[in-house]
Each structure stands twice: as structure tokens, then as C-alpha cells.
>>> print(open('protein_32.txt').read())   # compact mmCIF, C-alpha atoms and all ligand atoms
# COMPACT_ATOMS: atom_id res chain seq x y z
CA MET A 1 154.73 75.61 172.79
CA ILE A 2 156.19 73.25 170.23
CA GLU A 3 153.84 70.44 170.95
CA PRO A 4 150.19 70.94 171.78
CA SER A 5 149.78 69.96 175.40
CA LEU A 6 148.11 66.62 175.71
CA ALA A 7 146.10 66.38 178.87
CA LEU A 8 144.46 63.08 179.57
CA TYR A 9 142.03 63.14 182.42
CA GLY A 10 138.61 62.05 183.59
CA ASP A 11 136.54 59.97 181.19
CA ALA A 12 139.03 60.08 178.37
CA PHE A 13 141.77 58.70 180.58
CA ASP A 14 139.53 55.90 181.86
CA GLN A 15 138.53 54.99 178.32
CA VAL A 16 142.15 54.88 177.19
CA GLU A 17 143.08 52.67 180.14
CA THR A 18 140.25 50.27 179.32
CA GLN A 19 141.27 50.11 175.65
CA VAL A 20 144.88 49.36 176.51
CA GLU A 21 143.81 46.72 179.05
CA ASP A 22 141.49 45.04 176.53
CA LEU A 23 144.18 45.05 173.86
CA LEU A 24 146.60 43.39 176.25
CA ALA A 25 144.11 40.61 176.96
CA ALA A 26 143.07 40.12 173.32
CA THR A 27 146.58 39.85 171.93
CA GLY A 28 148.50 38.06 174.68
CA VAL A 29 151.38 40.53 174.56
CA ARG A 30 153.61 41.25 177.56
CA TYR A 31 153.43 45.02 177.70
CA CYS A 32 151.19 47.53 176.08
CA LEU A 33 152.00 51.24 176.25
CA LEU A 34 150.54 54.43 174.94
CA VAL A 35 153.31 56.99 174.58
CA ASP A 36 153.07 60.62 173.55
CA ARG A 37 155.25 62.07 170.80
CA LYS A 38 157.50 63.70 173.35
CA GLY A 39 158.33 60.33 174.84
CA PHE A 40 156.21 60.34 177.97
CA VAL A 41 154.13 57.32 178.99
CA LEU A 42 150.41 58.11 178.92
CA SER A 43 149.18 54.65 179.83
CA HIS A 44 150.82 51.32 180.53
CA LYS A 45 149.50 47.82 181.16
CA GLU A 46 151.41 44.60 181.59
CA ALA A 47 150.33 40.97 181.61
CA LEU A 48 150.12 39.45 185.08
CA TRP A 49 152.52 36.69 184.09
CA ALA A 50 155.07 39.01 182.51
CA PRO A 51 158.41 39.71 184.20
CA ARG A 52 159.09 43.24 185.38
CA PRO A 53 159.30 45.50 182.34
CA PRO A 54 162.48 47.38 181.40
CA ALA A 55 162.66 51.08 182.39
CA LEU A 56 159.49 52.47 180.86
CA ASP A 57 160.84 56.03 180.63
CA SER A 58 163.66 54.80 178.44
CA VAL A 59 161.39 52.63 176.31
CA ALA A 60 159.01 55.55 175.74
CA THR A 61 161.84 57.94 174.87
CA LEU A 62 163.43 55.56 172.39
CA VAL A 63 160.09 54.68 170.79
CA ALA A 64 159.17 58.34 170.33
CA SER A 65 162.64 59.29 169.02
CA ASN A 66 162.69 56.36 166.66
CA ALA A 67 159.27 57.34 165.33
CA ALA A 68 160.38 60.96 164.93
CA ALA A 69 163.48 59.87 163.01
CA THR A 70 161.44 57.55 160.80
CA ALA A 71 158.92 60.29 160.06
CA ALA A 72 161.75 62.67 159.14
CA LEU A 73 163.10 60.03 156.75
CA ALA A 74 159.67 59.60 155.21
CA ASN A 75 159.43 63.35 154.59
CA MET A 76 162.83 63.38 152.92
CA LEU A 77 161.68 60.64 150.59
CA GLY A 78 158.50 62.50 149.76
CA GLU A 79 156.21 60.30 151.84
CA ARG A 80 153.79 61.79 154.33
CA THR A 81 154.69 59.07 156.78
CA PHE A 82 155.74 55.44 157.03
CA SER A 83 153.15 53.29 158.73
CA GLU A 84 153.78 50.91 161.58
CA GLN A 85 157.21 49.74 162.71
CA ILE A 86 158.08 46.22 163.68
CA HIS A 87 161.37 45.08 165.14
CA GLN A 88 161.72 41.35 165.49
CA GLY A 89 164.35 39.59 167.52
CA GLU A 90 164.88 35.93 168.29
CA GLN A 91 162.80 35.89 171.42
CA GLY A 92 160.44 38.73 171.02
CA ALA A 93 159.29 41.71 169.06
CA ILE A 94 158.13 45.28 169.39
CA TYR A 95 155.35 46.77 167.31
CA VAL A 96 154.73 50.53 167.16
CA GLU A 97 151.94 52.31 165.39
CA SER A 98 150.78 55.93 165.31
CA VAL A 99 147.62 57.03 167.00
CA GLY A 100 146.92 60.12 164.94
CA ASP A 101 149.52 62.84 165.31
CA VAL A 102 149.60 62.76 169.07
CA ALA A 103 150.58 59.35 170.35
CA LEU A 104 152.16 55.99 169.65
CA LEU A 105 150.79 52.61 170.57
CA THR A 106 153.56 50.20 171.53
CA LEU A 107 153.27 46.46 172.03
CA ILE A 108 156.07 44.24 173.27
CA PHE A 109 155.58 40.50 172.93
CA ASP A 110 157.15 37.05 172.75
CA SER A 111 157.83 35.49 169.37
CA SER A 112 155.21 32.83 170.13
CA VAL A 113 152.53 35.49 169.69
CA PRO A 114 151.39 35.69 166.06
CA LEU A 115 152.16 39.10 164.56
CA GLY A 116 148.97 39.00 162.50
CA ARG A 117 146.86 38.85 165.63
CA VAL A 118 148.78 41.72 167.21
CA LYS A 119 148.33 43.89 164.13
CA LEU A 120 144.67 43.09 163.72
CA HIS A 121 143.74 43.99 167.28
CA ALA A 122 146.09 46.96 167.43
CA LYS A 123 144.50 48.53 164.38
CA LYS A 124 141.03 48.17 165.88
CA THR A 125 142.18 49.71 169.13
CA ILE A 126 143.85 52.58 167.28
CA THR A 127 140.61 53.49 165.56
CA VAL A 128 138.96 53.84 168.96
CA LEU A 129 141.92 55.61 170.57
CA SER A 130 142.17 58.12 167.71
CA GLU A 131 138.55 59.01 168.27
CA ILE A 132 139.11 59.50 172.00
CA MET A 133 142.20 61.64 171.33
CA ARG A 134 140.33 63.69 168.75
CA THR A 135 137.70 64.69 171.26
CA LEU A 136 140.19 65.69 173.95
CA LYS A 137 139.52 69.24 174.94
CA GLU A 138 142.11 71.77 175.90
CA ALA A 139 143.27 71.03 179.40
CA PRO A 140 141.79 73.17 182.12
CA PRO A 141 144.63 75.25 183.52
CA ILE A 142 145.87 73.91 186.84
CA LYS A 143 145.21 76.33 189.63
CA PHE A 144 148.49 76.49 191.47
CA ASP A 145 148.50 77.91 194.97
CA ALA A 146 150.28 81.17 195.60
CA ASP A 147 153.13 79.26 197.21
CA PHE A 148 153.63 76.88 194.30
CA GLY A 149 156.75 78.73 193.24
CA SER A 150 158.40 78.62 196.66
CA ASN A 151 157.38 74.97 197.15
CA ALA A 152 158.99 74.12 193.84
CA VAL A 153 162.17 75.93 194.78
CA SER A 154 162.47 74.21 198.15
CA MET A 155 161.90 70.87 196.42
CA LEU A 156 164.77 71.68 194.09
CA ASP A 157 166.93 72.70 197.06
CA ASP A 158 166.25 69.34 198.69
CA LEU A 159 167.10 67.45 195.56
CA LEU A 160 170.02 69.42 194.21
CA GLY A 161 171.46 71.04 197.32
CA MET B 1 154.11 72.85 176.72
CA SER B 2 154.52 70.31 179.46
CA THR B 3 152.51 67.13 179.32
CA ILE B 4 150.17 67.13 182.26
CA ASN B 5 148.58 63.83 183.17
CA PHE B 6 145.72 64.78 185.46
CA ALA B 7 144.62 61.25 186.16
CA ALA B 8 148.03 60.17 187.35
CA ARG B 9 148.65 63.73 188.67
CA GLU B 10 151.95 64.07 186.90
CA ILE B 11 153.72 67.06 185.39
CA ASN B 12 156.33 66.13 182.81
CA CYS B 13 158.87 68.63 181.52
CA LYS B 14 161.53 68.28 178.85
CA ILE B 15 164.85 70.07 179.30
CA VAL B 16 167.34 70.11 176.42
CA TYR B 17 171.09 70.78 176.74
CA TYR B 18 172.17 72.54 173.54
CA GLY B 19 175.50 73.91 172.39
CA PRO B 20 178.49 73.32 170.09
CA GLY B 21 180.29 69.98 169.80
CA MET B 22 182.49 69.03 172.76
CA SER B 23 181.22 71.87 174.96
CA GLY B 24 180.33 69.44 177.76
CA LYS B 25 176.61 68.67 177.37
CA THR B 26 176.94 64.93 177.87
CA THR B 27 179.31 65.57 180.79
CA ASN B 28 176.55 67.60 182.52
CA LEU B 29 174.14 64.67 182.33
CA LYS B 30 176.76 62.19 183.49
CA GLN B 31 177.43 64.35 186.54
CA VAL B 32 173.74 64.63 187.37
CA PHE B 33 173.40 60.88 186.97
CA ALA B 34 176.35 60.28 189.28
CA LYS B 35 175.24 62.68 192.01
CA VAL B 36 171.46 62.37 192.23
CA PRO B 37 170.36 59.56 194.57
CA GLY B 38 169.39 56.43 192.67
CA HIS B 39 165.72 56.40 193.64
CA LEU B 40 165.22 59.85 192.10
CA ARG B 41 166.62 59.11 188.71
CA GLY B 42 166.19 56.47 186.04
CA GLU B 43 168.64 54.89 183.64
CA MET B 44 170.78 57.11 181.43
CA VAL B 45 170.46 56.29 177.77
CA SER B 46 173.26 57.45 175.46
CA LEU B 47 173.13 57.08 171.70
CA ALA B 48 176.75 57.82 170.88
CA THR B 49 179.46 56.94 168.39
CA GLU B 50 182.45 54.73 169.20
CA ASP B 51 184.47 57.77 170.22
CA GLU B 52 181.78 58.93 172.67
CA ARG B 53 180.42 61.77 170.60
CA THR B 54 176.67 62.09 170.84
CA LEU B 55 175.00 60.66 167.74
CA PHE B 56 171.32 61.20 168.49
CA PHE B 57 170.87 62.14 172.14
CA ASP B 58 171.54 61.35 175.80
CA PHE B 59 168.54 60.93 178.04
CA LEU B 60 168.12 60.99 181.80
CA PRO B 61 164.78 61.01 183.66
CA LEU B 62 164.60 62.70 187.07
CA ASP B 63 161.86 62.59 189.68
CA LEU B 64 161.77 65.88 191.48
CA GLY B 65 159.11 64.87 193.98
CA SER B 66 155.65 66.33 194.43
CA VAL B 67 154.54 69.90 194.19
CA GLN B 68 150.98 70.55 195.16
CA GLY B 69 150.02 66.94 194.70
CA PHE B 70 151.55 66.70 191.24
CA LYS B 71 154.43 64.30 190.76
CA THR B 72 157.00 66.33 188.87
CA ARG B 73 159.25 64.56 186.42
CA PHE B 74 161.97 66.11 184.29
CA HIS B 75 163.38 64.48 181.21
CA LEU B 76 166.89 65.74 180.46
CA TYR B 77 168.21 65.45 176.90
CA THR B 78 171.40 66.50 175.16
CA VAL B 79 171.65 67.15 171.43
CA PRO B 80 174.63 66.16 169.29
CA GLY B 81 176.67 69.34 168.91
CA GLN B 82 178.55 68.42 165.74
CA VAL B 83 177.37 70.63 162.89
CA PHE B 84 176.34 67.85 160.51
CA TYR B 85 173.88 66.27 162.95
CA ASN B 86 171.35 69.05 162.57
CA ALA B 87 168.48 66.76 161.56
CA SER B 88 168.80 65.01 164.93
CA ARG B 89 168.99 68.30 166.83
CA LYS B 90 165.73 69.43 165.30
CA LEU B 91 163.98 66.25 166.38
CA ILE B 92 165.20 66.53 169.97
CA LEU B 93 163.87 70.08 170.26
CA ARG B 94 160.38 68.80 169.70
CA GLY B 95 158.26 69.58 172.75
CA VAL B 96 161.04 71.34 174.64
CA ASP B 97 160.07 73.14 177.87
CA GLY B 98 163.46 74.56 178.86
CA ILE B 99 166.95 74.90 177.38
CA VAL B 100 170.43 74.92 178.88
CA PHE B 101 172.88 76.40 176.40
CA VAL B 102 176.33 74.97 177.22
CA ALA B 103 179.03 77.27 175.85
CA ASP B 104 182.70 76.32 175.54
CA SER B 105 185.33 78.69 177.00
CA ALA B 106 188.14 77.39 174.79
CA PRO B 107 189.74 80.29 172.89
CA ASN B 108 189.22 78.64 169.50
CA ARG B 109 185.50 77.95 170.11
CA LEU B 110 184.07 81.47 170.11
CA ARG B 111 182.71 81.16 166.61
CA ALA B 112 181.35 77.66 167.28
CA ASN B 113 179.42 79.03 170.28
CA ALA B 114 177.92 81.81 168.18
CA GLU B 115 177.00 79.48 165.34
CA SER B 116 175.37 77.00 167.66
CA MET B 117 173.18 79.73 169.14
CA ARG B 118 172.17 80.87 165.68
CA ASN B 119 171.41 77.27 164.77
CA LEU B 120 169.22 76.96 167.88
CA ARG B 121 167.24 80.05 166.91
CA GLU B 122 166.74 78.72 163.38
CA ASN B 123 165.69 75.27 164.51
CA LEU B 124 163.19 76.68 167.00
CA LEU B 125 161.77 78.92 164.30
CA GLU B 126 161.19 75.89 162.12
CA HIS B 127 159.00 74.59 164.92
CA GLY B 128 157.28 77.98 164.94
CA ILE B 129 158.85 79.17 168.17
CA ASP B 130 160.64 82.38 168.98
CA VAL B 131 163.72 81.65 171.08
CA LYS B 132 162.49 84.23 173.60
CA GLU B 133 159.43 82.11 174.40
CA VAL B 134 161.47 79.26 175.84
CA PRO B 135 162.95 79.41 179.35
CA MET B 136 166.68 79.30 178.72
CA ILE B 137 169.83 79.59 180.74
CA LEU B 138 173.45 79.91 179.70
CA GLN B 139 176.18 77.73 181.17
CA ILE B 140 179.71 78.94 180.40
CA ASN B 141 181.68 75.72 180.73
CA LYS B 142 185.34 74.74 180.84
CA ARG B 143 186.33 77.70 183.03
CA ASP B 144 189.42 75.69 184.04
CA LEU B 145 191.06 75.91 180.62
CA ASP B 146 194.30 77.84 180.19
CA GLY B 147 193.50 80.97 178.23
CA ALA B 148 189.75 80.58 178.75
CA LEU B 149 187.82 83.34 177.02
CA SER B 150 186.34 85.95 179.32
CA THR B 151 182.69 85.42 180.20
CA GLU B 152 182.01 88.90 178.81
CA MET B 153 183.30 87.90 175.41
CA ILE B 154 181.26 84.72 175.33
CA ARG B 155 178.10 86.49 176.43
CA ALA B 156 178.72 89.17 173.80
CA VAL B 157 178.39 86.62 170.98
CA ILE B 158 175.67 84.41 172.48
CA ASP B 159 173.52 86.85 174.38
CA PRO B 160 174.56 90.39 173.44
CA LYS B 161 171.54 91.97 175.14
CA HIS B 162 172.31 90.15 178.39
CA GLU B 163 168.85 88.64 178.66
CA LEU B 164 169.89 85.22 179.92
CA GLN B 165 170.79 84.14 183.43
CA TRP B 166 174.14 82.41 183.38
CA HIS B 167 176.45 80.19 185.43
CA GLU B 168 180.12 79.40 185.12
CA ALA B 169 180.98 75.72 185.19
CA VAL B 170 183.68 73.10 185.13
CA ALA B 171 181.33 70.29 184.27
CA ASP B 172 183.79 67.39 184.40
CA GLN B 173 184.53 68.31 188.03
CA GLY B 174 180.84 68.83 188.74
CA ARG B 175 181.23 72.57 189.30
CA GLY B 176 178.16 74.56 188.26
CA VAL B 177 176.23 71.52 187.07
CA PHE B 178 173.53 71.48 189.77
CA GLU B 179 173.30 75.28 189.90
CA THR B 180 172.54 75.27 186.19
CA LEU B 181 169.94 72.52 186.46
CA LYS B 182 168.32 74.22 189.40
CA THR B 183 168.00 77.54 187.63
CA VAL B 184 166.49 76.08 184.49
CA SER B 185 164.09 73.92 186.55
CA ARG B 186 163.00 76.97 188.48
CA LEU B 187 162.35 78.93 185.28
CA VAL B 188 160.31 76.07 183.83
CA LEU B 189 158.24 75.60 186.98
CA GLU B 190 157.65 79.33 187.38
CA ARG B 191 156.40 79.49 183.86
CA LEU B 192 154.11 76.55 184.54
CA ALA B 193 152.73 78.31 187.61
CA LYS B 194 151.86 81.28 185.43
CA GLY B 195 149.78 78.90 183.34
CA GLN B 196 151.67 79.32 180.10
N1 LIG A 201 188.80 70.96 180.70
C1 LIG A 201 187.51 70.67 180.71
N2 LIG A 201 187.05 69.64 179.99
C2 LIG A 201 185.72 69.35 180.04
C3 LIG A 201 184.82 70.11 180.83
N3 LIG A 201 183.59 69.59 180.67
C4 LIG A 201 183.70 68.57 179.80
N4 LIG A 201 184.99 68.40 179.41
C5 LIG A 201 185.53 67.41 178.48
O1 LIG A 201 185.19 67.79 177.15
C6 LIG A 201 185.03 66.63 176.32
C7 LIG A 201 183.71 66.67 175.59
O2 LIG A 201 182.65 66.59 176.52
P1 LIG A 201 181.18 66.04 176.15
O3 LIG A 201 180.35 66.21 177.35
O4 LIG A 201 181.27 64.71 175.53
O5 LIG A 201 180.78 67.12 175.02
P2 LIG A 201 179.40 67.23 174.23
O6 LIG A 201 178.99 68.66 174.32
O7 LIG A 201 178.43 66.22 174.71
O8 LIG A 201 179.87 66.92 172.73
P3 LIG A 201 178.98 66.35 171.50
O9 LIG A 201 178.29 65.14 171.98
O10 LIG A 201 179.90 66.09 170.36
O11 LIG A 201 178.03 67.46 171.16
C8 LIG A 201 185.16 65.45 177.26
O12 LIG A 201 186.46 64.94 177.14
C9 LIG A 201 184.95 66.04 178.64
O13 LIG A 201 185.61 65.33 179.65
C10 LIG A 201 185.35 71.19 181.60
O14 LIG A 201 184.64 71.91 182.33
N5 LIG A 201 186.70 71.42 181.50
MG MG A 202 177.44 64.74 173.81
>>> encode(input="protein_32.txt", output="C-alpha cells", more="lines below")
Ligand SMILES: Nc1nc2c(ncn2[C@@H]2O[C@H](COP(=O)(O)OP(=O)(O)OP(=O)(O)O)[C@@H](O)[C@H]2O)c(=O)[nH]1
Ligand SMILES: [Mg+2]
Amino acid sequence: MIEPSLALYGDAFDQVETQVEDLLAATGVRYCLLVDRKGFVLSHKEALWAPRPPALDSVATLVASNAAATAALANMLGERTFSEQIHQGEQGAIYVESVGDVALLTLIFDSSVPLGRVKLHAKKTITVLSEIMRTLKEAPPIKFDADFGSNAVSMLDDLLG
Amino acid sequence: MSTINFAAREINCKIVYYGPGMSGKTTNLKQVFAKVPGHLRGEMVSLATEDERTLFFDFLPLDLGSVQGFKTRFHLYTVPGQVFYNASRKLILRGVDGIVFVADSAPNRLRANAESMRNLRENLLEHGIDVKEVPMILQINKRDLDGALSTEMIRAVIDPKHELQWHEAVADQGRGVFETLKTVSRLVLERLAKGQ
């Protein structure tokens, strides 16, 4: 449909998880997320010492929408895109950078963490992630059982009455 | 197309509530938020103006449970209906898996309903999609209004060929809200099962 389906599985998924984990350790950030352009979380890691993260669904949605709005602005101004986004507050910051056309790498960290270090490591990770994403094959179609439809409907009945 | 995360065994679908300004899109999401048990839904995010008109979108994540070992999650969005927010509407349509078109029964909103549907078709086309490719259902809202337009008249301007399933609703009283959501969810899941 509108967006090519992005199916992370098997080796590619494991590699992405490792990259995100390594980036978390190298930078000292609180949370490290890979989000798709539709606003769904593909991978998430958090530092052991970090407090519980805010609602990740909401973070992912706002990051993706913000990126979409920024890209639309760039187009209006005749730019192909604007590069990374940084929002700095008093206590912390959020850094978002594109991973090709498919995903967004998002790092949330305390202001004690030097931004230069975050950027440096993030850019390295993005090079690797882009390569992994590039080699993603079309997802194998899921084989749903014959009763998938009726199962789905009864699930909806349970939930919505 | 839905994002399928095989490793985490998740199916993620995006449902967008579309329609003219003030037709009751945000009200639908508020009702779902209020009535679905807390452990099945996340926070509702609303990017709105001071006077509660949607500026960018409303967002509500729902966990529908597991089907065939896949955790099924729906992300519900509304668009801003006001005509001049079209740039935002286009962005929200990105990656849509199902649409609820919320029409307004107020007698002076017939044209607004028709124009919003045309705007939807145009915006989808800009993404390279024919409106017929997307599972869509029509909700005819505000049935409680004095002098409400007949459903026939509303369908005649929005869906003249009668291709869409439809529900009547009084969204601010919760009437028709779940029925609508259930129908669009079913359409989206059926389509998924067909492997499209
Ligand atoms: N009478 C009546 N009023 C309704 C109904 N549903 C919603 N409303 C009211 O209509 C007004 C607008 O509703 P919203 O849900 O904010 O409309 P919207 O479609 O999100 O509007 P935009 O964000 O501008 O696109 C609110 O005052 C609602 O309480 C209904 O079924 N009947
Ligand atoms: Mg609204």
C-alpha cells in the first residue's frame, strides 16, 4: 500500500538489536529506539539504570510525525531533506536521525551526555543499519489458518462487545 | 501495508478517521479511550488548538490481543478536518491500512461531507493509491441533530454507488462508535488474511 511493508525478522532483526544495544552502551544514553516511518517501534533498548521510559507508542508516533512534517517543510523550501533533529531541554535531549527512507533512529539522553559523542556513534550505527535495511527482502507472506478470520472476529467481539 | 514484526510476532495496523471539520472524529477516539479497559489501550495523544480543534492528529494505540500467535496492535489516528490543514492530512494518511470516514448529519454540512471525500481521494492518489484499494467504512454521525439529513442523501454524495458499509452514530453518546471500529478492524484483518 502506501508504505512498503517493512518486515524485520531472523538474522536482520538480530543484527538490528545488536546494533541498537551496542549504541546504547557506547553513548551512555537512556533509551535508544528504531522507529519506522509509520510510527511503530521496530527495536528498543534502555539502559539498566534508566527509569521506566514514557509510553513508547506515543514517542514513536510523535517522532515519526515530526520527521514527516519536517521533511514536508524541507520539500517546500526546495531541499531534499533536512538532516538530523535535536531537541534540547534543561535536563535532557532527544536526537533523531534518518536511517535511509525506512526508519528513524531515536536517542533520548541526559544533558550530561555530550552531544558530540551521541552524534558520532549514531552516525556510525546508521551506516550499518542502512546496509541491513537495504538487504531486507520482501517479507514472506504469513500463512494464516483457515480460521484466522473467525478468530479475529471473536477477538474483536471480546474487546469491543 | 501493515508492519509485520516477525521476530516480536506483532502485526501493526494504522486506522485513520477522516472527514470534514467538527464531524466527530476526535469524539470517536475519546469514546474508545474511555470505554476500552486500560490494559488494552495506551495513552491518547492529541495535538489540538486552544479551542480543541485538531491541529495535527489524535492518536490512540489499542492492543487487540493475539491472533494465531501474532500480537495485534491497532494505531488509531484522526486527521484535522478543517480545510486549510490539508498538508497535515496528507502526512497522516501515510501508511494507512484502513479508513473510517466520519460524515456529519447537520443539514448545512452536506457539501463539506462531499468535499472531504473528494479531498481524501485526491490525497490518496498523491500517495499513488486508489481509494478503492483501502478498506473503508462510512460512519454517519450526529444522528441526534434536529433536522438531520437522511442517510440516503449523505450516502448519495459520499458513496453514490453504495460500495461502502456504513453505521449510524451519535458519537458523543458512544452510539455506533464500537460498531464502526469493529467493522473497520474486521475489514483490515480480512484483507491481511488474504495476504494483500
Ligand atoms: N449533537 C452531536 N454532537 C456531536 C456528536 N459527535 C460529536 N459531537 C460534537 O461535535 C463537536 C466536534 O467534535 P470533534 O470530535 O471535535 O470533531 P472533529 O471531527 O474532531 O473536528 P476537527 O478536529 O476540527 O476535524 C464537539 O462539540 C462534539 O461534542 C454527535 O453525535 N451529536
Ligand atoms: Mg478533531
>>> closest_atom_pairs(input="protein_32.txt", of="chain B", to="chain A", cutoff="9 Å", atoms="all atoms listed in the file", output="JSON lines")
{"residue": "B:Met1", "atom": "CA", "partner": "A:Met1", "partner_atom": "CA", "distance": 4.8}
{"residue": "B:Ser2", "atom": "CA", "partner": "A:Ser5", "partner_atom": "CA", "distance": 6.3}
{"residue": "B:Thr3", "atom": "CA", "partner": "A:Ser5", "partner_atom": "CA", "distance": 5.6}
{"residue": "B:Ile4", "atom": "CA", "partner": "A:Ala7", "partner_atom": "CA", "distance": 5.3}
{"residue": "B:Asn5", "atom": "CA", "partner": "A:Leu8", "partner_atom": "CA", "distance": 5.5}
{"residue": "B:Phe6", "atom": "CA", "partner": "A:Tyr9", "partner_atom": "CA", "distance": 5.1}
{"residue": "B:Ala7", "atom": "CA", "partner": "A:Tyr9", "partner_atom": "CA", "distance": 4.9}
{"residue": "B:Ala8", "atom": "CA", "partner": "A:Tyr9", "partner_atom": "CA", "distance": 8.3}
{"residue": "B:Asn12", "atom": "CA", "partner": "A:Phe40", "partner_atom": "CA", "distance": 7.5}
{"residue": "B:Lys14", "atom": "CA", "partner": "A:Lys38", "partner_atom": "CA", "distance": 8.2}
{"residue": "B:Lys35", "atom": "CA", "partner": "A:Leu160", "partner_atom": "CA", "distance": 8.8}
{"residue": "B:Val36", "atom": "CA", "partner": "A:Leu160", "partner_atom": "CA", "distance": 7.5}
{"residue": "B:Pro37", "atom": "CA", "partner": "A:Leu159", "partner_atom": "CA", "distance": 8.6}
{"residue": "B:Leu40", "atom": "CA", "partner": "A:Leu159", "partner_atom": "CA", "distance": 8.6}
{"residue": "B:Gly42", "atom": "CA", "partner": "A:Ala55", "partner_atom": "CA", "distance": 7.4}
{"residue": "B:Glu43", "atom": "CA", "partner": "A:Ala55", "partner_atom": "CA", "distance": 7.2}
{"residue": "B:Met44", "atom": "CA", "partner": "A:Ser58", "partner_atom": "CA", "distance": 8.1}
{"residue": "B:Val45", "atom": "CA", "partner": "A:Ser58", "partner_atom": "CA", "distance": 7.0}
{"residue": "B:Phe56", "atom": "CA", "partner": "A:Ser65", "partner_atom": "CA", "distance": 8.9}
{"residue": "B:Phe59", "atom": "CA", "partner": "A:Ser58", "partner_atom": "CA", "distance": 7.8}
{"residue": "B:Leu60", "atom": "CA", "partner": "A:Ser58", "partner_atom": "CA", "distance": 8.3}
{"residue": "B:Pro61", "atom": "CA", "partner": "A:Asp57", "partner_atom": "CA", "distance": 7.0}
{"residue": "B:Leu64", "atom": "CA", "partner": "A:Leu159", "partner_atom": "CA", "distance": 6.9}
{"residue": "B:Gly65", "atom": "CA", "partner": "A:Met155", "partner_atom": "CA", "distance": 7.1}
{"residue": "B:Ser66", "atom": "CA", "partner": "A:Met155", "partner_atom": "CA", "distance": 8.0}
{"residue": "B:Val67", "atom": "CA", "partner": "A:Ala152", "partner_atom": "CA", "distance": 6.1}
{"residue": "B:Gln68", "atom": "CA", "partner": "A:Phe148", "partner_atom": "CA", "distance": 6.9}
{"residue": "B:His75", "atom": "CA", "partner": "A:Asp57", "partner_atom": "CA", "distance": 8.8}
{"residue": "B:Ala87", "atom": "CA", "partner": "A:Ala72", "partner_atom": "CA", "distance": 8.2}
{"residue": "B:Ser88", "atom": "CA", "partner": "A:Ala69", "partner_atom": "CA", "distance": 7.6}
{"residue": "B:Leu91", "atom": "CA", "partner": "A:Ala68", "partner_atom": "CA", "distance": 6.6}
{"residue": "B:Ile92", "atom": "CA", "partner": "A:Ser65", "partner_atom": "CA", "distance": 7.7}
{"residue": "B:Leu93", "atom": "CA", "partner": "A:Ile2", "partner_atom": "CA", "distance": 8.3}
{"residue": "B:Arg94", "atom": "CA", "partner": "A:Ile2", "partner_atom": "CA", "distance": 6.1}
{"residue": "B:Gly95", "atom": "CA", "partner": "A:Glu3", "partner_atom": "CA", "distance": 4.8}
{"residue": "B:Val96", "atom": "CA", "partner": "A:Ile2", "partner_atom": "CA", "distance": 6.8}
{"residue": "B:Asp97", "atom": "CA", "partner": "A:Met1", "partner_atom": "CA", "distance": 7.8}
{"residue": "B:Leu124", "atom": "CA", "partner": "A:Ile2", "partner_atom": "CA", "distance": 8.4}
{"residue": "B:His127", "atom": "CA", "partner": "A:Ile2", "partner_atom": "CA", "distance": 6.2}
{"residue": "B:Gly128", "atom": "CA", "partner": "A:Ile2", "partner_atom": "CA", "distance": 7.2}
{"residue": "B:Ile129", "atom": "CA", "partner": "A:Ile2", "partner_atom": "CA", "distance": 6.8}
{"residue": "B:Glu133", "atom": "CA", "partner": "A:Met1", "partner_atom": "CA", "distance": 8.2}
{"residue": "B:Val134", "atom": "CA", "partner": "A:Met1", "partner_atom": "CA", "distance": 8.2}
{"residue": "B:Phe178", "atom": "CA", "partner": "A:Leu160", "partner_atom": "CA", "distance": 6.0}
{"residue": "B:Glu179", "atom": "CA", "partner": "A:Leu160", "partner_atom": "CA", "distance": 8.0}
{"residue": "B:Leu181", "atom": "CA", "partner": "A:Leu160", "partner_atom": "CA", "distance": 8.3}
{"residue": "B:Lys182", "atom": "CA", "partner": "A:Leu156", "partner_atom": "CA", "distance": 6.4}
{"residue": "B:Ser185", "atom": "CA", "partner": "A:Leu156", "partner_atom": "CA", "distance": 7.9}
{"residue": "B:Arg186", "atom": "CA", "partner": "A:Val153", "partner_atom": "CA", "distance": 6.4}
{"residue": "B:Leu189", "atom": "CA", "partner": "A:Ala152", "partner_atom": "CA", "distance": 7.1}
{"residue": "B:Glu190", "atom": "CA", "partner": "A:Gly149", "partner_atom": "CA", "distance": 6.0}
{"residue": "B:Leu192", "atom": "CA", "partner": "A:Phe144", "partner_atom": "CA", "distance": 8.9}
{"residue": "B:Ala193", "atom": "CA", "partner": "A:Phe144", "partner_atom": "CA", "distance": 6.0}
{"residue": "B:Lys194", "atom": "CA", "partner": "A:Phe144", "partner_atom": "CA", "distance": 8.4}
{"residue": "B:Gly195", "atom": "CA", "partner": "A:Pro141", "partner_atom": "CA", "distance": 6.3}
{"residue": "B:Gln196", "atom": "CA", "partner": "A:Met1", "partner_atom": "CA", "distance": 8.8}
>>> residues_near_point(input="protein_32.txt", point="(161.6, 45.3, 168.2)", cutoff="12 Å", atoms="only C-alpha atoms", output="JSON, numbers by chain")
{"A": [59, 62, 63, 66, 84, 85, 86, 87, 88, 89, 90, 91, 92, 93, 94, 95, 96, 106, 107, 108, 109, 110, 111, 115]}
>>> residues_around(input="protein_32.txt", residues="B:Val184", least_positions_apart="5", cutoff="9 Å", atoms="only C-alpha atoms", output="PyMOL selection string")
chain B and resi 15+98-100+135-137+179+189
>>> residues_near_ligand(input="protein_32.txt", ligand="ligand MG 202 (chain A)", cutoff="9 Å", atoms="only C-alpha atoms and all ligand atoms", output="count of residues only")
21
>>> closest_residue(input="protein_32.txt", among="B:Val177, B:Val188, B:Val102, B:Ala171", to="ligand LIG 201 (chain A)", atoms="all atoms listed in the file")
B:Ala171
